[in-house]
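Q: I have a structure I would like to understand better, so I am pasting it below and will then ask my questions one at a time.
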Amino acid sequence: IHAATEASAKLNDEDPLLMFDTIVEGTRHTLDFAVHCGAKKFLLTSSGAVYGKQPPDMTHIPEDYCGAPDPTNPNSAYGEGKRVAELLCSLYSKKFGIEAKIARCFAFVGPYLPLDIHYAIGNFIRDGLNGGPIVVKGDGTPYRSYLYAADLAIWLWTILFKGESCSPYNVGSEEAVTIKELAHVVAGCFEKGITVNIQKVDNLDQPPGRYVPSTHKTNKEFDLKAIVSLVTAIKKTSSFYQIK
């Protein structure tokens with residue numbers, strides 16, 4: 001199972017070449033090790049970033065969408081690195097016969113989620129634990145979705161054991177929510193009154209960004225669905241950090 005990578009937006013901005021090399025070389029080293037030890041199945045945790053910018057008229061992005069990050073933009077280092085990692089899996093599968101399973105992961109929430117980097121839901125939970133306000137640094141219009149960590153584990157194990165080799169599967173929730181709505185949902189998960197502070201005004205001339213997967217393929221092949229609701233996931237994550 002190759003789930004080790006850099007997902008830092010800060011690193012992607014400050015040293016995109018290091019980001020790219022870490023993903024690509026790390027995947028190649030891991031595949032070489034799989035060949036060396038005679039592994040039959042290999043799981044790559046890829047990313048929805050391989051699709052590039054989701055079209056505003058596409059509510060849920062499917063696996064057969066052939067979009068891609070802008071290769072001339074250094075900020076595409078993470079997404080392009082994941083694309084190359086998927087290609088390496090296909091090349092090694094063809095040459096060495098490894099069953100390469102590819103999970104394109106989107107956004108998640110659960111214990112050990114960092115509360116102090118670029119993950120909006122983690123930042124909102126941190127703000128709630130601190131008594132508020134919950135701060136939305138943008139205008140809150142982009143759409144996201146969040147799968148709980150326990151569901152994530154079930155989906156990844158299933159893809160590893162039952163998935164088709166070199167056939168990517170989206171992993172995430174189809175329950176789309178705007179960042180603004182998410183902030184209010186998080187606020188409502190705390191007993192004390194938590195306010196929400198949205199720092200920018202909506203840009204009505206620009207369609208909201210989206211990062212939401214279609215999981216039809218995963219549901220159809222394995223009957224996998226999100227078991228834990230968003231509200232329960234937020235409460236479980238908050239409780240973990242309160243106990244910790």
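Chain identifiers are assigned as A, B, and so on, following the order in which chains appear in the structure tokens; residues are numbered from 1 within each chain, and ligands are numbered from 1 in order of appearance.
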Write out as a tab-separated table the residues of region 27-96 of chain A that have any atom within 9 Å of an atom of region 162-175 of chain A, one row each with the nearest atom pair and its distance in Å to one decimal, counting only C-alpha atoms, sorted by chain and then rising number.
A:
residue	atom	partner	partner_atom	distance
A:Lys41	CA	A:Ser165	CA	8.6
A:Phe42	CA	A:Ser165	CA	9.0
A:Ser46	CA	A:Pro168	CA	8.8
A:Ser47	CA	A:Asn170	CA	8.3
A:Gly48	CA	A:Asn170	CA	7.4
A:His60	CA	A:Glu174	CA	7.2
A:Ile61	CA	A:Asn170	CA	8.8
A:Pro62	CA	A:Asn170	CA	7.5
A:Glu63	CA	A:Asn170	CA	6.6
A:Glu86	CA	A:Cys166	CA	8.0
A:Leu87	CA	A:Cys166	CA	8.9
A:Cys89	CA	A:Cys166	CA	7.1
A:Ser90	CA	A:Cys166	CA	5.8
A:Ser93	CA	A:Cys166	CA	7.7
Q: Could you give me the residues within region 34-214 of chain A that DSSP places in helix (DSSP H, G or I), as a CSV table (one decimal) with all heavy atoms, in the first residue's frame?
A:
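Saved file out.csv follows:
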chain,number,residue,atom,x,y,z
A,34,ALA,N,8.0,-3.5,-4.4
A,34,ALA,CA,6.9,-4.5,-4.6
A,34,ALA,C,7.4,-5.6,-5.6
A,34,ALA,O,7.1,-6.8,-5.4
A,34,ALA,CB,5.7,-3.8,-5.2
A,35,VAL,N,8.1,-5.2,-6.6
A,35,VAL,CA,8.7,-6.2,-7.5
A,35,VAL,C,9.7,-7.1,-6.8
A,35,VAL,O,9.7,-8.3,-6.9
A,35,VAL,CB,9.3,-5.5,-8.8
A,35,VAL,CG1,10.1,-6.6,-9.6
A,35,VAL,CG2,8.3,-4.8,-9.6
A,36,HIS,N,10.6,-6.5,-6.0
A,36,HIS,CA,11.6,-7.2,-5.3
A,36,HIS,C,11.1,-8.2,-4.4
A,36,HIS,O,11.6,-9.3,-4.3
A,36,HIS,CB,12.5,-6.2,-4.6
A,36,HIS,CG,13.5,-6.8,-3.7
A,36,HIS,ND1,14.7,-7.4,-4.2
A,36,HIS,CD2,13.6,-7.0,-2.3
A,36,HIS,CE1,15.4,-7.9,-3.2
A,36,HIS,NE2,14.8,-7.6,-2.1
A,37,CYS,N,10.0,-7.9,-3.7
A,37,CYS,CA,9.5,-8.8,-2.7
A,37,CYS,C,8.4,-9.7,-3.2
A,37,CYS,O,7.8,-10.5,-2.5
A,37,CYS,CB,8.9,-8.0,-1.4
A,37,CYS,SG,7.4,-7.1,-1.7
A,48,GLY,N,-7.9,13.2,-6.8
A,48,GLY,CA,-8.8,13.8,-7.7
A,48,GLY,C,-8.1,15.0,-8.4
A,48,GLY,O,-8.6,15.5,-9.4
A,49,ALA,N,-6.9,15.4,-8.0
A,49,ALA,CA,-6.2,16.5,-8.6
A,49,ALA,C,-5.7,16.1,-10.0
A,49,ALA,O,-5.4,17.0,-10.8
A,49,ALA,CB,-4.9,16.8,-7.8
A,50,VAL,N,-5.7,14.8,-10.4
A,50,VAL,CA,-5.3,14.3,-11.7
A,50,VAL,C,-6.3,14.9,-12.8
A,50,VAL,O,-5.9,15.0,-13.9
A,50,VAL,CB,-5.2,12.8,-11.8
A,50,VAL,CG1,-4.2,12.3,-10.8
A,50,VAL,CG2,-6.6,12.1,-11.6
A,51,TYR,N,-7.5,15.2,-12.4
A,51,TYR,CA,-8.5,15.7,-13.4
A,51,TYR,C,-8.3,17.2,-13.7
A,51,TYR,O,-8.9,17.7,-14.7
A,51,TYR,CB,-9.9,15.5,-12.8
A,51,TYR,CG,-10.3,14.1,-12.5
A,51,TYR,CD1,-10.6,13.7,-11.2
A,51,TYR,CD2,-10.5,13.2,-13.6
A,51,TYR,CE1,-10.9,12.4,-11.0
A,51,TYR,CE2,-10.8,11.9,-13.3
A,51,TYR,CZ,-11.1,11.5,-12.0
A,51,TYR,OH,-11.5,10.2,-11.7
A,74,PRO,N,3.3,25.8,-12.7
A,74,PRO,CA,4.1,25.1,-11.7
A,74,PRO,C,3.2,24.6,-10.5
A,74,PRO,O,3.5,23.7,-9.9
A,74,PRO,CB,5.0,26.2,-11.2
A,74,PRO,CG,5.2,27.1,-12.3
A,74,PRO,CD,3.9,27.2,-13.0
A,75,ASN,N,2.0,25.3,-10.3
A,75,ASN,CA,1.2,24.8,-9.2
A,75,ASN,C,0.5,23.5,-9.6
A,75,ASN,O,-0.2,22.9,-8.7
A,75,ASN,CB,0.1,25.9,-9.0
A,75,ASN,CG,0.6,27.1,-8.2
A,75,ASN,OD1,1.6,27.0,-7.5
A,75,ASN,ND2,0.0,28.2,-8.5
A,76,SER,N,0.7,23.0,-10.8
A,76,SER,CA,0.2,21.7,-11.2
A,76,SER,C,1.1,20.5,-10.8
A,76,SER,O,0.8,19.4,-11.1
A,76,SER,CB,-0.1,21.7,-12.7
A,76,SER,OG,-1.0,22.6,-13.1
A,77,ALA,N,2.2,20.8,-10.1
A,77,ALA,CA,3.1,19.8,-9.7
A,77,ALA,C,2.5,18.6,-9.0
A,77,ALA,O,2.8,17.5,-9.3
A,77,ALA,CB,4.3,20.4,-8.9
A,78,TYR,N,1.6,18.9,-8.1
A,78,TYR,CA,1.0,17.8,-7.3
A,78,TYR,C,0.1,16.9,-8.2
A,78,TYR,O,0.3,15.7,-8.3
A,78,TYR,CB,0.2,18.4,-6.2
A,78,TYR,CG,-0.5,17.3,-5.3
A,78,TYR,CD1,0.1,16.6,-4.4
A,78,TYR,CD2,-1.9,17.0,-5.5
A,78,TYR,CE1,-0.5,15.6,-3.6
A,78,TYR,CE2,-2.6,16.1,-4.8
A,78,TYR,CZ,-1.9,15.3,-3.9
A,78,TYR,OH,-2.5,14.4,-3.1
A,79,GLY,N,-0.8,17.6,-9.0
A,79,GLY,CA,-1.7,16.8,-9.8
A,79,GLY,C,-0.9,16.1,-10.9
A,79,GLY,O,-1.2,14.9,-11.2
A,80,GLU,N,0.1,16.7,-11.5
A,80,GLU,CA,0.8,16.1,-12.6
A,80,GLU,C,1.7,14.9,-12.0
A,80,GLU,O,1.9,13.9,-12.7
A,80,GLU,CB,1.7,17.1,-13.3
A,80,GLU,CG,1.0,18.1,-14.2
A,80,GLU,CD,0.4,17.4,-15.5
A,80,GLU,OE1,0.5,16.2,-15.6
A,80,GLU,OE2,-0.2,18.1,-16.3
A,81,GLY,N,2.2,15.1,-10.8
A,81,GLY,CA,2.9,14.1,-10.1
A,81,GLY,C,2.1,12.8,-9.9
A,81,GLY,O,2.5,11.7,-10.2
A,82,LYS,N,0.9,13.0,-9.5
A,82,LYS,CA,-0.1,11.9,-9.3
A,82,LYS,C,-0.4,11.2,-10.7
A,82,LYS,O,-0.6,10.0,-10.7
A,82,LYS,CB,-1.3,12.4,-8.6
A,82,LYS,CG,-1.2,12.7,-7.2
A,82,LYS,CD,-0.8,11.5,-6.3
A,82,LYS,CE,-0.8,11.8,-4.8
A,82,LYS,NZ,-0.5,10.6,-4.0
A,83,ARG,N,-0.5,12.0,-11.7
A,83,ARG,CA,-0.8,11.4,-13.0
A,83,ARG,C,0.4,10.5,-13.5
A,83,ARG,O,0.2,9.4,-14.0
A,83,ARG,CB,-0.9,12.5,-14.1
A,83,ARG,CG,-2.3,13.2,-14.0
A,83,ARG,CD,-2.4,14.5,-14.8
A,83,ARG,NE,-2.0,14.2,-16.2
A,83,ARG,CZ,-2.9,13.8,-17.2
A,83,ARG,NH1,-4.2,13.6,-16.8
A,83,ARG,NH2,-2.5,13.7,-18.4
A,84,VAL,N,1.6,11.0,-13.2
A,84,VAL,CA,2.8,10.2,-13.6
A,84,VAL,C,2.8,8.9,-12.7
A,84,VAL,O,3.2,7.8,-13.1
A,84,VAL,CB,4.1,11.0,-13.4
A,84,VAL,CG1,5.3,10.1,-13.7
A,84,VAL,CG2,4.1,12.1,-14.4
A,85,ALA,N,2.5,9.1,-11.4
A,85,ALA,CA,2.4,7.9,-10.5
A,85,ALA,C,1.5,6.9,-11.0
A,85,ALA,O,1.8,5.7,-10.9
A,85,ALA,CB,2.1,8.4,-9.1
A,86,GLU,N,0.3,7.3,-11.5
A,86,GLU,CA,-0.6,6.3,-12.1
A,86,GLU,C,0.0,5.6,-13.3
A,86,GLU,O,-0.2,4.4,-13.5
A,86,GLU,CB,-1.9,7.0,-12.4
A,86,GLU,CG,-2.7,7.5,-11.2
A,86,GLU,CD,-4.1,8.0,-11.6
A,86,GLU,OE1,-4.6,7.7,-12.7
A,86,GLU,OE2,-4.8,8.6,-10.7
A,87,LEU,N,0.6,6.4,-14.1
A,87,LEU,CA,1.3,5.8,-15.3
A,87,LEU,C,2.3,4.8,-15.0
A,87,LEU,O,2.4,3.7,-15.6
A,87,LEU,CB,1.9,7.0,-16.2
A,87,LEU,CG,2.7,6.5,-17.4
A,87,LEU,CD1,1.8,5.7,-18.4
A,87,LEU,CD2,3.3,7.7,-18.1
A,88,LEU,N,3.1,5.1,-13.9
A,88,LEU,CA,4.1,4.2,-13.5
A,88,LEU,C,3.5,2.9,-13.0
A,88,LEU,O,4.0,1.8,-13.3
A,88,LEU,CB,4.9,4.8,-12.3
A,88,LEU,CG,6.0,5.8,-12.7
A,88,LEU,CD1,6.5,6.5,-11.4
A,88,LEU,CD2,7.2,5.1,-13.4
A,89,CYS,N,2.3,3.0,-12.3
A,89,CYS,CA,1.6,1.7,-11.9
A,89,CYS,C,1.2,0.9,-13.1
A,89,CYS,O,1.4,-0.3,-13.1
A,89,CYS,CB,0.4,2.1,-11.1
A,89,CYS,SG,0.7,2.7,-9.5
A,90,SER,N,0.7,1.6,-14.2
A,90,SER,CA,0.4,0.8,-15.4
A,90,SER,C,1.6,0.2,-16.1
A,90,SER,O,1.5,-0.9,-16.6
A,90,SER,CB,-0.4,1.8,-16.4
A,90,SER,OG,-1.6,2.3,-15.8
A,91,LEU,N,2.7,0.9,-16.1
A,91,LEU,CA,3.9,0.4,-16.8
A,91,LEU,C,4.4,-0.8,-16.0
A,91,LEU,O,4.8,-1.8,-16.6
A,91,LEU,CB,5.0,1.5,-16.8
A,91,LEU,CG,4.6,2.7,-17.7
A,91,LEU,CD1,5.7,3.8,-17.6
A,91,LEU,CD2,4.5,2.3,-19.2
A,92,TYR,N,4.5,-0.7,-14.7
A,92,TYR,CA,5.0,-1.8,-13.9
A,92,TYR,C,4.0,-3.0,-13.9
A,92,TYR,O,4.4,-4.2,-13.9
A,92,TYR,CB,5.2,-1.4,-12.4
A,92,TYR,CG,6.5,-0.8,-12.1
A,92,TYR,CD1,6.9,0.5,-12.7
A,92,TYR,CD2,7.5,-1.4,-11.4
A,92,TYR,CE1,8.1,1.0,-12.4
A,92,TYR,CE2,8.7,-0.9,-11.1
A,92,TYR,CZ,9.0,0.3,-11.7
A,92,TYR,OH,10.3,0.9,-11.4
A,93,SER,N,2.7,-2.7,-14.0
A,93,SER,CA,1.7,-3.8,-14.1
A,93,SER,C,1.9,-4.6,-15.4
A,93,SER,O,1.9,-5.8,-15.4
A,93,SER,CB,0.3,-3.2,-14.1
A,93,SER,OG,-0.6,-4.3,-14.2
A,94,LYS,N,2.2,-3.8,-16.5
A,94,LYS,CA,2.4,-4.5,-17.8
A,94,LYS,C,3.7,-5.3,-17.8
A,94,LYS,O,3.7,-6.4,-18.4
A,94,LYS,CB,2.4,-3.4,-18.9
A,94,LYS,CG,2.6,-4.0,-20.3
A,94,LYS,CD,2.5,-2.9,-21.4
A,94,LYS,CE,2.7,-3.5,-22.8
A,94,LYS,NZ,2.6,-2.5,-23.8
A,95,LYS,N,4.7,-4.7,-17.3
A,95,LYS,CA,6.0,-5.4,-17.3
A,95,LYS,C,6.2,-6.5,-16.3
A,95,LYS,O,6.8,-7.5,-16.7
A,95,LYS,CB,7.2,-4.3,-17.1
A,95,LYS,CG,8.6,-4.9,-17.3
A,95,LYS,CD,9.6,-3.8,-17.3
A,95,LYS,CE,11.0,-4.4,-17.6
A,95,LYS,NZ,12.1,-3.3,-17.6
A,96,PHE,N,5.7,-6.3,-15.1
A,96,PHE,CA,6.0,-7.3,-14.0
A,96,PHE,C,4.8,-8.1,-13.6
A,96,PHE,O,4.9,-8.9,-12.7
A,96,PHE,CB,6.6,-6.6,-12.8
A,96,PHE,CG,7.9,-5.9,-13.2
A,96,PHE,CD1,7.9,-4.5,-13.3
A,96,PHE,CD2,9.1,-6.6,-13.4
A,96,PHE,CE1,9.1,-3.8,-13.6
A,96,PHE,CE2,10.3,-5.9,-13.7
A,96,PHE,CZ,10.3,-4.6,-13.8
A,120,ALA,N,-9.7,23.1,4.8
A,120,ALA,CA,-10.8,24.0,5.4
A,120,ALA,C,-11.5,23.3,6.6
A,120,ALA,O,-11.7,24.0,7.6
A,120,ALA,CB,-11.8,24.3,4.3
A,121,ILE,N,-11.9,22.1,6.4
A,121,ILE,CA,-12.7,21.5,7.5
A,121,ILE,C,-11.9,21.3,8.8
A,121,ILE,O,-12.4,21.5,9.9
A,121,ILE,CB,-13.3,20.1,7.0
A,121,ILE,CG1,-14.4,19.7,8.0
A,121,ILE,CG2,-12.2,19.0,6.9
A,121,ILE,CD1,-15.3,18.5,7.4
A,122,GLY,N,-10.6,21.0,8.6
A,122,GLY,CA,-9.8,21.0,9.8
A,122,GLY,C,-9.6,22.3,10.5
A,122,GLY,O,-9.7,22.4,11.7
A,123,ASN,N,-9.5,23.4,9.7
A,123,ASN,CA,-9.4,24.7,10.3
A,123,ASN,C,-10.7,25.1,11.0
A,123,ASN,O,-10.6,25.7,12.0
A,123,ASN,CB,-9.1,25.7,9.1
A,123,ASN,CG,-7.7,25.5,8.5
A,123,ASN,OD1,-7.4,26.1,7.5
A,123,ASN,ND2,-6.8,24.7,9.1
A,124,PHE,N,-11.8,24.7,10.4
A,124,PHE,CA,-13.1,25.1,11.0
A,124,PHE,C,-13.3,24.4,12.3
A,124,PHE,O,-13.8,25.0,13.3
A,124,PHE,CB,-14.2,24.7,10.0
A,124,PHE,CG,-14.2,25.5,8.7
A,124,PHE,CD1,-15.0,25.1,7.7
A,124,PHE,CD2,-13.5,26.7,8.6
A,124,PHE,CE1,-15.1,25.9,6.5
A,124,PHE,CE2,-13.4,27.4,7.4
A,124,PHE,CZ,-14.3,27.0,6.4
A,125,ILE,N,-12.9,23.1,12.4
A,125,ILE,CA,-13.0,22.3,13.6
A,125,ILE,C,-12.1,23.0,14.7
A,125,ILE,O,-12.5,23.1,15.8
A,125,ILE,CB,-12.7,20.8,13.4
A,125,ILE,CG1,-13.8,20.2,12.5
A,125,ILE,CG2,-12.5,20.1,14.7
A,125,ILE,CD1,-13.5,18.8,12.1
A,126,ARG,N,-10.9,23.3,14.3
A,126,ARG,CA,-10.0,24.0,15.2
A,126,ARG,C,-10.6,25.3,15.8
A,126,ARG,O,-10.6,25.5,17.0
A,126,ARG,CB,-8.7,24.4,14.5
A,126,ARG,CG,-7.7,25.2,15.3
A,126,ARG,CD,-6.7,25.9,14.4
A,126,ARG,NE,-7.4,26.9,13.5
A,126,ARG,CZ,-7.0,27.3,12.3
A,126,ARG,NH1,-5.8,26.9,11.9
A,126,ARG,NH2,-7.7,28.2,11.6
A,127,ASP,N,-11.2,26.1,14.9
A,127,ASP,CA,-11.8,27.3,15.3
A,127,ASP,C,-13.0,27.1,16.3
A,127,ASP,O,-13.2,27.8,17.3
A,127,ASP,CB,-12.4,28.1,14.1
A,127,ASP,CG,-11.2,28.7,13.2
A,127,ASP,OD1,-10.1,28.7,13.7
A,127,ASP,OD2,-11.5,29.1,12.1
A,128,GLY,N,-13.7,26.0,16.0
A,128,GLY,CA,-14.9,25.7,16.9
A,128,GLY,C,-14.4,25.2,18.2
A,128,GLY,O,-14.9,25.6,19.2
A,129,LEU,N,-13.3,24.4,18.2
A,129,LEU,CA,-12.7,23.9,19.5
A,129,LEU,C,-12.2,25.1,20.3
A,129,LEU,O,-12.2,25.1,21.6
A,129,LEU,CB,-11.6,22.9,19.2
A,129,LEU,CG,-12.1,21.6,18.7
A,129,LEU,CD1,-10.8,20.8,18.3
A,129,LEU,CD2,-12.9,20.8,19.7
A,149,ALA,N,-13.0,9.0,7.8
A,149,ALA,CA,-11.8,8.2,7.7
A,149,ALA,C,-12.1,6.7,7.8
A,149,ALA,O,-11.5,5.9,7.1
A,149,ALA,CB,-10.9,8.6,8.9
A,150,ALA,N,-13.1,6.3,8.6
A,150,ALA,CA,-13.5,4.9,8.7
A,150,ALA,C,-14.0,4.4,7.4
A,150,ALA,O,-13.7,3.3,6.9
A,150,ALA,CB,-14.5,4.6,9.8
A,151,ASP,N,-14.8,5.2,6.7
A,151,ASP,CA,-15.3,4.8,5.4
A,151,ASP,C,-14.2,4.8,4.4
A,151,ASP,O,-14.1,3.8,3.5
A,151,ASP,CB,-16.4,5.9,4.9
A,151,ASP,CG,-17.7,5.7,5.6
A,151,ASP,OD1,-18.1,4.6,5.8
A,151,ASP,OD2,-18.3,6.7,5.9
A,152,LEU,N,-13.3,5.7,4.5
A,152,LEU,CA,-12.1,5.7,3.6
A,152,LEU,C,-11.3,4.4,3.7
A,152,LEU,O,-10.9,3.8,2.7
A,152,LEU,CB,-11.2,6.9,4.0
A,152,LEU,CG,-9.8,6.9,3.4
A,152,LEU,CD1,-9.8,7.0,1.9
A,152,LEU,CD2,-8.9,8.0,4.0
A,153,ALA,N,-11.1,3.9,5.0
A,153,ALA,CA,-10.4,2.7,5.2
A,153,ALA,C,-11.1,1.5,4.5
A,153,ALA,O,-10.5,0.7,3.8
A,153,ALA,CB,-10.2,2.4,6.7
A,154,ILE,N,-12.4,1.5,4.7
A,154,ILE,CA,-13.2,0.4,4.1
A,154,ILE,C,-13.1,0.4,2.6
A,154,ILE,O,-12.8,-0.6,1.9
A,154,ILE,CB,-14.6,0.5,4.5
A,154,ILE,CG1,-14.8,0.2,6.0
A,154,ILE,CG2,-15.5,-0.5,3.7
A,154,ILE,CD1,-16.2,0.5,6.6
A,155,TRP,N,-13.2,1.6,2.0
A,155,TRP,CA,-13.1,1.7,0.5
A,155,TRP,C,-11.7,1.3,0.0
A,155,TRP,O,-11.6,0.6,-1.0
A,155,TRP,CB,-13.4,3.1,0.1
A,155,TRP,CG,-14.9,3.5,0.2
A,155,TRP,CD1,-15.7,3.1,1.2
A,155,TRP,CD2,-15.6,4.3,-0.6
A,155,TRP,NE1,-17.0,3.7,1.0
A,155,TRP,CE2,-16.9,4.4,-0.1
A,155,TRP,CE3,-15.3,5.1,-1.8
A,155,TRP,CZ2,-17.9,5.2,-0.8
A,155,TRP,CZ3,-16.3,5.8,-2.4
A,155,TRP,CH2,-17.6,5.9,-1.9
A,156,LEU,N,-10.7,1.7,0.7
A,156,LEU,CA,-9.3,1.4,0.2
A,156,LEU,C,-9.0,-0.1,0.3
A,156,LEU,O,-8.4,-0.6,-0.7
A,156,LEU,CB,-8.3,2.2,1.0
A,156,LEU,CG,-8.3,3.7,0.8
A,156,LEU,CD1,-7.2,4.4,1.6
A,156,LEU,CD2,-8.0,4.1,-0.7
A,157,TRP,N,-9.4,-0.7,1.4
A,157,TRP,CA,-9.2,-2.2,1.5
A,157,TRP,C,-9.9,-2.9,0.4
A,157,TRP,O,-9.4,-3.8,-0.2
A,157,TRP,CB,-9.6,-2.7,2.9
A,157,TRP,CG,-8.6,-2.4,4.0
A,157,TRP,CD1,-8.9,-1.6,5.1
A,157,TRP,CD2,-7.3,-2.8,4.1
A,157,TRP,NE1,-7.8,-1.6,5.9
A,157,TRP,CE2,-6.8,-2.3,5.3
A,157,TRP,CE3,-6.5,-3.6,3.3
A,157,TRP,CZ2,-5.5,-2.6,5.7
A,157,TRP,CZ3,-5.2,-3.9,3.7
A,157,TRP,CH2,-4.7,-3.3,4.9
A,158,THR,N,-11.2,-2.5,0.1
A,158,THR,CA,-12.0,-3.1,-0.9
A,158,THR,C,-11.4,-3.0,-2.3
A,158,THR,O,-11.3,-4.0,-3.0
A,158,THR,CB,-13.4,-2.5,-0.9
A,158,THR,OG1,-14.0,-2.7,0.4
A,158,THR,CG2,-14.3,-3.3,-1.9
A,159,ILE,N,-10.9,-1.8,-2.6
A,159,ILE,CA,-10.3,-1.6,-3.9
A,159,ILE,C,-9.0,-2.4,-4.0
A,159,ILE,O,-8.7,-3.0,-5.1
A,159,ILE,CB,-10.0,-0.1,-4.1
A,159,ILE,CG1,-11.3,0.7,-4.2
A,159,ILE,CG2,-9.1,0.2,-5.3
A,159,ILE,CD1,-11.1,2.2,-4.2
A,160,LEU,N,-8.2,-2.5,-2.9
A,160,LEU,CA,-7.0,-3.3,-3.0
A,160,LEU,C,-7.3,-4.7,-3.3
A,160,LEU,O,-6.6,-5.4,-4.1
A,160,LEU,CB,-6.2,-3.2,-1.6
A,160,LEU,CG,-5.0,-4.1,-1.5
A,160,LEU,CD1,-4.0,-3.8,-2.5
A,160,LEU,CD2,-4.4,-3.9,-0.1
A,161,PHE,N,-8.3,-5.3,-2.6
A,161,PHE,CA,-8.5,-6.7,-2.8
A,161,PHE,C,-9.4,-7.1,-3.9
A,161,PHE,O,-9.3,-8.2,-4.6
A,161,PHE,CB,-9.2,-7.3,-1.5
A,161,PHE,CG,-8.2,-7.3,-0.3
A,161,PHE,CD1,-8.5,-6.7,0.9
A,161,PHE,CD2,-7.0,-8.0,-0.4
A,161,PHE,CE1,-7.6,-6.7,1.9
A,161,PHE,CE2,-6.1,-8.0,0.7
A,161,PHE,CZ,-6.4,-7.4,1.8
A,162,LYS,N,-10.4,-6.2,-4.3
A,162,LYS,CA,-11.3,-6.5,-5.3
A,162,LYS,C,-11.3,-5.7,-6.6
A,162,LYS,O,-11.9,-6.0,-7.6
A,162,LYS,CB,-12.8,-6.4,-4.7
A,162,LYS,CG,-13.0,-7.4,-3.6
A,162,LYS,CD,-14.5,-7.3,-3.1
A,162,LYS,CE,-14.8,-8.3,-2.0
A,162,LYS,NZ,-16.2,-8.1,-1.5
A,179,ILE,N,-18.3,25.7,0.9
A,179,ILE,CA,-17.4,26.0,2.1
A,179,ILE,C,-18.2,26.8,3.1
A,179,ILE,O,-18.0,26.6,4.3
A,179,ILE,CB,-16.1,26.7,1.6
A,179,ILE,CG1,-15.3,25.8,0.7
A,179,ILE,CG2,-15.3,27.1,2.8
A,179,ILE,CD1,-14.8,24.5,1.4
A,180,LYS,N,-19.0,27.7,2.6
A,180,LYS,CA,-19.8,28.6,3.5
A,180,LYS,C,-20.8,27.7,4.3
A,180,LYS,O,-20.9,27.8,5.5
A,180,LYS,CB,-20.6,29.6,2.7
A,180,LYS,CG,-21.5,30.5,3.5
A,180,LYS,CD,-22.4,31.4,2.6
A,180,LYS,CE,-21.6,32.2,1.6
A,180,LYS,NZ,-22.5,33.1,0.8
A,181,GLU,N,-21.5,26.8,3.6
A,181,GLU,CA,-22.4,25.8,4.3
A,181,GLU,C,-21.6,25.0,5.3
A,181,GLU,O,-22.1,24.7,6.4
A,181,GLU,CB,-23.1,25.0,3.2
A,181,GLU,CG,-24.1,25.8,2.4
A,181,GLU,CD,-24.6,24.9,1.2
A,181,GLU,OE1,-23.9,23.9,0.8
A,181,GLU,OE2,-25.6,25.3,0.6
A,182,LEU,N,-20.5,24.5,4.9
A,182,LEU,CA,-19.6,23.6,5.7
A,182,LEU,C,-19.3,24.4,7.0
A,182,LEU,O,-19.4,23.8,8.1
A,182,LEU,CB,-18.4,23.2,5.0
A,182,LEU,CG,-17.3,22.4,5.8
A,182,LEU,CD1,-17.9,21.1,6.2
A,182,LEU,CD2,-16.0,22.3,5.1
A,183,ALA,N,-18.9,25.6,6.9
A,183,ALA,CA,-18.6,26.4,8.1
A,183,ALA,C,-19.8,26.4,9.1
A,183,ALA,O,-19.6,26.3,10.3
A,183,ALA,CB,-18.2,27.8,7.7
A,184,HIS,N,-21.0,26.6,8.6
A,184,HIS,CA,-22.2,26.7,9.4
A,184,HIS,C,-22.5,25.3,10.0
A,184,HIS,O,-23.0,25.2,11.1
A,184,HIS,CB,-23.3,27.2,8.7
A,184,HIS,CG,-23.3,28.7,8.5
A,184,HIS,ND1,-23.5,29.6,9.5
A,184,HIS,CD2,-22.9,29.5,7.4
A,184,HIS,CE1,-23.4,30.9,9.0
A,184,HIS,NE2,-23.0,30.8,7.8
A,185,VAL,N,-22.3,24.2,9.2
A,185,VAL,CA,-22.5,22.9,9.7
A,185,VAL,C,-21.5,22.6,10.9
A,185,VAL,O,-22.0,22.0,11.9
A,185,VAL,CB,-22.3,21.8,8.6
A,185,VAL,CG1,-22.3,20.4,9.2
A,185,VAL,CG2,-23.4,21.9,7.5
A,186,VAL,N,-20.3,23.0,10.7
A,186,VAL,CA,-19.3,22.7,11.8
A,186,VAL,C,-19.7,23.5,13.0
A,186,VAL,O,-19.7,23.0,14.1
A,186,VAL,CB,-17.9,23.1,11.3
A,186,VAL,CG1,-16.9,23.1,12.5
A,186,VAL,CG2,-17.4,22.2,10.2
A,187,ALA,N,-20.1,24.8,12.8
A,187,ALA,CA,-20.5,25.6,13.9
A,187,ALA,C,-21.7,25.0,14.7
A,187,ALA,O,-21.7,25.0,15.9
A,187,ALA,CB,-20.9,27.0,13.4
A,188,GLY,N,-22.6,24.4,14.0
A,188,GLY,CA,-23.8,23.7,14.6
A,188,GLY,C,-23.4,22.5,15.4
A,188,GLY,O,-24.3,22.0,16.1
Q: Which is closer to Gly110 (chain A) than all the others in A:Ile23, A:Leu147, A:Ala68, A:Leu204, using only C-alpha atoms?
A: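 So, comparing all the options, the nearest one is A:Leu147.
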Q: So that I can check the surroundings of Ser229 (chain A), please list as a ChimeraX atom specification every protein, DNA and RNA residue that reaches within 9 Å of it, counting only C-alpha atoms and ignoring chain neighbours fewer than 4 positions away.
A: /A:147-148,233-234
Q: Using only C-alpha atoms, can you tell me which of A:Leu115, A:Ile134, A:Cys66, A:Leu43 comes closest to Gly193 (chain A)?
A: A:Ile134
Q: Determine the nearest neighbour of Asn12 (chain A) from the options A:Pro208, A:His118, A:Glu99, A:Tyr112, counting only C-alpha atoms.
A: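 Going through A:Pro208, A:His118, A:Glu99, A:Tyr112 one by one, the smallest distance to Asn12 (chain A) is for A:His118.
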Q: Suppose you want the space between CA of Ala7 (chain A) and CA of Arg104 (chain A); what is it in Å?
A: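 One can read the CA of Ala7 (chain A) to CA of Arg104 (chain A) distance as 13.6 Å.
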Q: Hey, can you check how far CA of Ala100 (chain A) sits from CA of Ile1 (chain A)?
A: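 Atom-to-atom, CA of Ala100 (chain A) and CA of Ile1 (chain A) are spaced 10.0 Å apart.
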